[in-house]
Amino acid sequence: MSWLNPAAFGGLLALAVPILVHLFGRRLARRARFPSLRLLRDARPRPATRSRPSDVLLLVVRCAVILAAVLALAQPMWLDSERARTALIPVRAILVDTSPSMRRLTSDSTSALQRARALGQRMLDSAREGIIVETLQPGASVAGAASWLQAHSGVRELVIISDFQAGALVDGQLASVAQGIGIRLVKVSVSSVAPGSAEASGGIVRLGLQPNRTDATWATSPEDTTLPIVVLAPAEDAGLVQASVAAVRAIAPRPGSSARKVAVVFPRYSGRRELAAGVAALNSPWQGDRLMALGRDRLLTDAAASARVTPSCDHAGVAIAHNASGEVVATMAGGSSATDYDVLVFACVEVGTVAGTALLASVVAAVQTAPSLQELEPVVVPDEALRGWERPASEPGPRVTEDTSPDGRWFWLVAIAFLLAEEWLRRRAPRRAPLTATEAPHERVA
Amino acid sequence: MTSVLSADVITAIDDLELAARLVVEGMRAGSHRSPFHGYSSEFQEHRPYRVGDDLKYLDWKLLARTDRLYTRQFRETTSMSVMLVMDGSASMAFPEIGTSKWRYAAVLAASLAHLVVSQGDAVGLLAIAGDRMTYLPARGGRPHLHSLIGTIGRLEPSGSWSPARGIARGAELLKRRGVVLVLSDFQDAEDETHRELRRVASHGHDVAMLQVIAPGEAGFPYAGDVEFEDMETRERRLIDAGAVAGDYRRAFQEFLNRSRESALRDHVDYALMWTDTPPGRALRDFLMRREAKPEAHHAGSREAS
């Protein structure tokens, strides 16, 4: 059983009234002002037997009247299975942030908005009833969603799905949400900047989305840049290398520069055996970073899966890609003083193949001094603040007509029955000190 | 029988003067002669008429016989004086709900004053309420009546009653012999009250005690444990009212009998006024009894002379 109006239990304090009346009521004699006491004989009141059974019964009945009234006011709700379900499944108003910052990518390379929509749909499916509101400014839409929730009964919850960029939601906006309505803030974590580049005439423009501005950088011509890696391939494959590099430029239009010397060694390169012999272990942190970056690179992984590995490919170092049958597609090793390179990537695919080109592009992407993710991340509302704003749905809302439980009225009937019983008991009890007693007959002296 | 307004109706009228007029008009039918006349107009001698004498007193028979103008002179040409002595002690405020003894006494006093003034006599007031003594000398005339009734209406019962200050002083303040009407419940200082009444009566005044009693104090409608508070002394006593009720009613009846008997003995006119009796009827009964036995209220003056 649950109570729609538990505050009514404060009314139990009223129980003190009949109890006090019982304890002190009989002790207090009635007061009467009388013209003169000189004709009144002194007669000490006899010690009254204090608690006759009828008095105790009267007390119990009076307490029961109050108890029944309080229970009725508290609006009890018997929970049968069907009602329990409706009462406990929340009604949700889901606000999905569609601001530009949501176009950034999440860790699984879908955009934050897509993920937010999916999450929203999932939460809507698990709700008893709900709406999804897509809004550019979730904070400004809170009031509307809250009033929609107000009109519903049962457990209610306001959900905001956003990346919680600073300014998307401020403290005061949640104040309009009535007490009892839960607030859940779902943060979509974003791991990279939005893919925002476009080719412009005569150059390449790259767009970077910042919290409060959009950065546009451009290069006047693709030839301005050179790849920050060295491609080691047999001389007869020079044309293929050229084509691959052009392809890489198309994938990574503006490769950055790197202070490190990185070489990609293709099979059939004449010095490959010597290089493989002279490698060292990957021992510096940045090498580890690059290794991780390559391992995560989906372009490389996807391309490698279907790659045809060059037979009898000797390699050295840590494998960074395998094909579908588990053969090593590429390895990575640290360079030594003997090799003249800082990092060596040994490819087991031919230059000019899809996998080879993908490898080149991946290595270019991995080795360039990438701006740290932290810097690209727009300023977001700190998680602690979000947690502070969240709250569970506590009290169910007012019940609306159809499913209003009439259970409370039975208590009113009980209270009325007890009241009648009280009246009957009181009438039955012997009268004491009636105020309007009929006058005793007195002789009139003419 | 004329219709008589009930006590509740009369005492509920806020305007005491109006209440008095209603009472007096209601009882006029039964009363013919002035109940207070008989003292003042006694022929003494003839005097030659002088310009300015009231033609009312010209002896027309003598004029017809002798053709001379003589004026009849009386020994006492002034009117009779009535002094209303009112007990304004706190006990008169009983009962606090309904018609209090004080209100009833006030209506009686106002009606009597109205009656006396409308017969051309003089009426005075001496009321004692607590420490305050209110005195208006006996005079006739409408303006005086108006202010007297207004004074009664403004009084509130408080404190206790002193017979010496009330009865004796009231009689003293009547410069000549007259009528002293004492309105009280006579609950305080019983012996002293009767002594004073006796003394005043023996001085030649026509004294009447109008004992105003509420049914509630005689009937004692209480039961159970009641804490009684004396309205005058403020003394409190917790009493099992049911146990003493019988004794009290008996004691109260004895008290009333005592009052009546000592009044009879002292040649003091006595009337018991229940506050639930229409004031008009109570007053008419009282006055008609006075008319019926004039010797009773002449007794005092006879003894004095």
# chains A, B, ... in the order shown; residues from 1 in each chain; ligands from 1

$ closest_atom_pairs --of "segment 156-202 of chain B" --to "segment 115-133 of chain B" --cutoff "9 Å" --atoms "only C-alpha atoms" --output "JSON lines"
{"residue": "B:Glu156", "atom": "CA", "partner": "B:Ala129", "partner_atom": "CA", "distance": 7.0}
{"residue": "B:Pro157", "atom": "CA", "partner": "B:Ala129", "partner_atom": "CA", "distance": 5.3}
{"residue": "B:Ser158", "atom": "CA", "partner": "B:Gly130", "partner_atom": "CA", "distance": 4.9}
{"residue": "B:Gly159", "atom": "CA", "partner": "B:Gly130", "partner_atom": "CA", "distance": 3.7}
{"residue": "B:Ser160", "atom": "CA", "partner": "B:Gly130", "partner_atom": "CA", "distance": 5.5}
{"residue": "B:Trp161", "atom": "CA", "partner": "B:Ile128", "partner_atom": "CA", "distance": 6.8}
{"residue": "B:Ser162", "atom": "CA", "partner": "B:Ile128", "partner_atom": "CA", "distance": 8.1}
{"residue": "B:Arg165", "atom": "CA", "partner": "B:Ile128", "partner_atom": "CA", "distance": 8.0}
{"residue": "B:Gly166", "atom": "CA", "partner": "B:Ile128", "partner_atom": "CA", "distance": 6.7}
{"residue": "B:Ile167", "atom": "CA", "partner": "B:Leu126", "partner_atom": "CA", "distance": 8.8}
{"residue": "B:Arg169", "atom": "CA", "partner": "B:Leu126", "partner_atom": "CA", "distance": 8.4}
{"residue": "B:Gly170", "atom": "CA", "partner": "B:Leu126", "partner_atom": "CA", "distance": 6.1}
{"residue": "B:Leu173", "atom": "CA", "partner": "B:Leu126", "partner_atom": "CA", "distance": 9.0}
{"residue": "B:Leu174", "atom": "CA", "partner": "B:Gly124", "partner_atom": "CA", "distance": 8.2}

$ select_by_dssp --residues "segment 11-140 of chain B" --states "helix (DSSP H, G or I)" --output "ChimeraX atom specification"
/B:11-12,16-28,55-57,60-66,90-93,101-118

$ write_last_selection --atoms "C-alpha atoms" --output "short mmCIF file (atom, residue, chain, number, x, y, z; two decimals), in the first residue's frame"
data_model
loop_
_atom_site.label_atom_id
_atom_site.label_comp_id
_atom_site.auth_asym_id
_atom_site.auth_seq_id
_atom_site.Cartn_x
_atom_site.Cartn_y
_atom_site.Cartn_z
CA THR B 11 -35.05 43.60 29.83
CA ALA B 12 -33.62 43.01 26.40
CA LEU B 16 -34.03 51.82 29.47
CA GLU B 17 -36.32 54.83 29.11
CA LEU B 18 -38.35 53.09 26.45
CA ALA B 19 -38.50 49.93 28.54
CA ALA B 20 -39.76 51.94 31.51
CA ARG B 21 -42.42 53.64 29.40
CA LEU B 22 -43.61 50.31 28.06
CA VAL B 23 -43.83 48.89 31.56
CA VAL B 24 -45.69 51.91 32.92
CA GLU B 25 -48.11 52.11 30.02
CA GLY B 26 -48.80 48.41 30.33
CA MET B 27 -49.77 48.72 34.00
CA ARG B 28 -51.70 51.99 33.82
CA LEU B 55 -55.78 80.45 39.49
CA LYS B 56 -55.91 76.72 40.13
CA TYR B 57 -55.79 77.41 43.84
CA TRP B 60 -64.21 79.52 43.48
CA LYS B 61 -66.91 78.58 45.96
CA LEU B 62 -65.84 81.38 48.27
CA LEU B 63 -65.76 83.77 45.33
CA ALA B 64 -69.28 82.81 44.42
CA ARG B 65 -70.50 83.22 47.98
CA THR B 66 -68.66 86.31 49.07
CA ALA B 90 -21.45 42.29 41.86
CA SER B 91 -23.92 39.61 42.91
CA MET B 92 -26.64 41.52 41.10
CA ALA B 93 -24.95 40.61 37.83
CA LYS B 101 -30.94 40.71 38.52
CA TRP B 102 -29.32 44.08 37.91
CA ARG B 103 -31.00 44.58 34.57
CA TYR B 104 -34.33 43.61 36.03
CA ALA B 105 -33.85 45.98 38.97
CA ALA B 106 -32.84 48.74 36.56
CA VAL B 107 -36.05 48.30 34.58
CA LEU B 108 -38.08 48.32 37.78
CA ALA B 109 -36.34 51.45 39.03
CA ALA B 110 -36.70 53.26 35.73
CA SER B 111 -40.37 52.35 35.55
CA LEU B 112 -40.97 53.53 39.10
CA ALA B 113 -39.16 56.78 38.37
CA HIS B 114 -41.24 57.26 35.25
CA LEU B 115 -44.40 56.63 37.22
CA VAL B 116 -43.44 59.00 40.01
CA VAL B 117 -42.39 61.84 37.73
CA SER B 118 -45.45 61.50 35.53
#

$ interface_residues --of "chain B" --to "chain A" --cutoff "8 Å" --atoms "only C-alpha atoms" --output "number ranges by chain"
B: 90-95, 187, 215-232, 238-241, 243-244, 247-249, 251-253, 256, 271-272

$ write_last_selection --atoms "C-alpha atoms" --output "PDB file, in the first residue's frame"
ATOM      1  CA  ALA B  90     -21.454  42.292  41.859  1.00  0.00           C
ATOM      2  CA  SER B  91     -23.916  39.610  42.909  1.00  0.00           C
ATOM      3  CA  MET B  92     -26.639  41.517  41.101  1.00  0.00           C
ATOM      4  CA  ALA B  93     -24.948  40.607  37.826  1.00  0.00           C
ATOM      5  CA  PHE B  94     -26.219  37.049  38.216  1.00  0.00           C
ATOM      6  CA  PRO B  95     -27.090  35.244  36.023  1.00  0.00           C
ATOM      7  CA  GLN B 187     -27.934  38.767  50.160  1.00  0.00           C
ATOM      8  CA  PRO B 215     -34.727  31.638  39.498  1.00  0.00           C
ATOM      9  CA  GLY B 216     -31.214  30.236  38.958  1.00  0.00           C
ATOM     10  CA  GLU B 217     -29.983  31.116  42.433  1.00  0.00           C
ATOM     11  CA  ALA B 218     -33.060  29.703  44.106  1.00  0.00           C
ATOM     12  CA  GLY B 219     -33.338  26.571  41.984  1.00  0.00           C
ATOM     13  CA  PHE B 220     -29.610  25.777  42.014  1.00  0.00           C
ATOM     14  CA  PRO B 221     -29.448  23.877  38.703  1.00  0.00           C
ATOM     15  CA  TYR B 222     -26.006  22.387  39.270  1.00  0.00           C
ATOM     16  CA  ALA B 223     -24.709  18.865  39.602  1.00  0.00           C
ATOM     17  CA  GLY B 224     -21.320  17.210  39.702  1.00  0.00           C
ATOM     18  CA  ASP B 225     -18.110  18.860  40.792  1.00  0.00           C
ATOM     19  CA  VAL B 226     -18.385  22.581  40.343  1.00  0.00           C
ATOM     20  CA  GLU B 227     -15.932  25.224  41.359  1.00  0.00           C
ATOM     21  CA  PHE B 228     -18.105  28.068  42.568  1.00  0.00           C
ATOM     22  CA  GLU B 229     -16.800  31.579  42.614  1.00  0.00           C
ATOM     23  CA  ASP B 230     -18.449  34.117  44.856  1.00  0.00           C
ATOM     24  CA  MET B 231     -19.242  37.032  42.614  1.00  0.00           C
ATOM     25  CA  GLU B 232     -18.554  39.568  45.332  1.00  0.00           C
ATOM     26  CA  LEU B 238     -14.858  23.294  44.855  1.00  0.00           C
ATOM     27  CA  ILE B 239     -18.121  21.682  45.760  1.00  0.00           C
ATOM     28  CA  ASP B 240     -19.939  18.522  44.859  1.00  0.00           C
ATOM     29  CA  ALA B 241     -22.988  20.443  43.755  1.00  0.00           C
ATOM     30  CA  ALA B 243     -24.681  16.693  47.265  1.00  0.00           C
ATOM     31  CA  VAL B 244     -25.464  20.173  48.546  1.00  0.00           C
ATOM     32  CA  ASP B 247     -29.608  21.826  51.523  1.00  0.00           C
ATOM     33  CA  TYR B 248     -28.946  24.935  49.522  1.00  0.00           C
ATOM     34  CA  ARG B 249     -32.486  25.195  48.172  1.00  0.00           C
ATOM     35  CA  ALA B 251     -31.416  27.403  53.043  1.00  0.00           C
ATOM     36  CA  PHE B 252     -32.344  29.817  50.280  1.00  0.00           C
ATOM     37  CA  GLN B 253     -36.047  29.396  50.935  1.00  0.00           C
ATOM     38  CA  LEU B 256     -36.386  34.458  51.611  1.00  0.00           C
ATOM     39  CA  ALA B 271     -42.100  42.487  47.510  1.00  0.00           C
ATOM     40  CA  LEU B 272     -40.275  39.539  46.015  1.00  0.00           C
TER      41      LEU B 272
END

$ closest_residue --among "A:Met292, A:Ala168, A:Val133, A:Leu23" --to "Arg92 of chain A" --atoms "only C-alpha atoms"
A:Val133

$ atom_distance --atom1 "atom CA of Trp148 of chain A" --atom2 "atom CA of Ser126 of chain A"
18.2 Å

$ atom_distance --atom1 "atom CA of Leu232 of chain A" --atom2 "atom CA of Arg296 of chain A"
23.8 Å
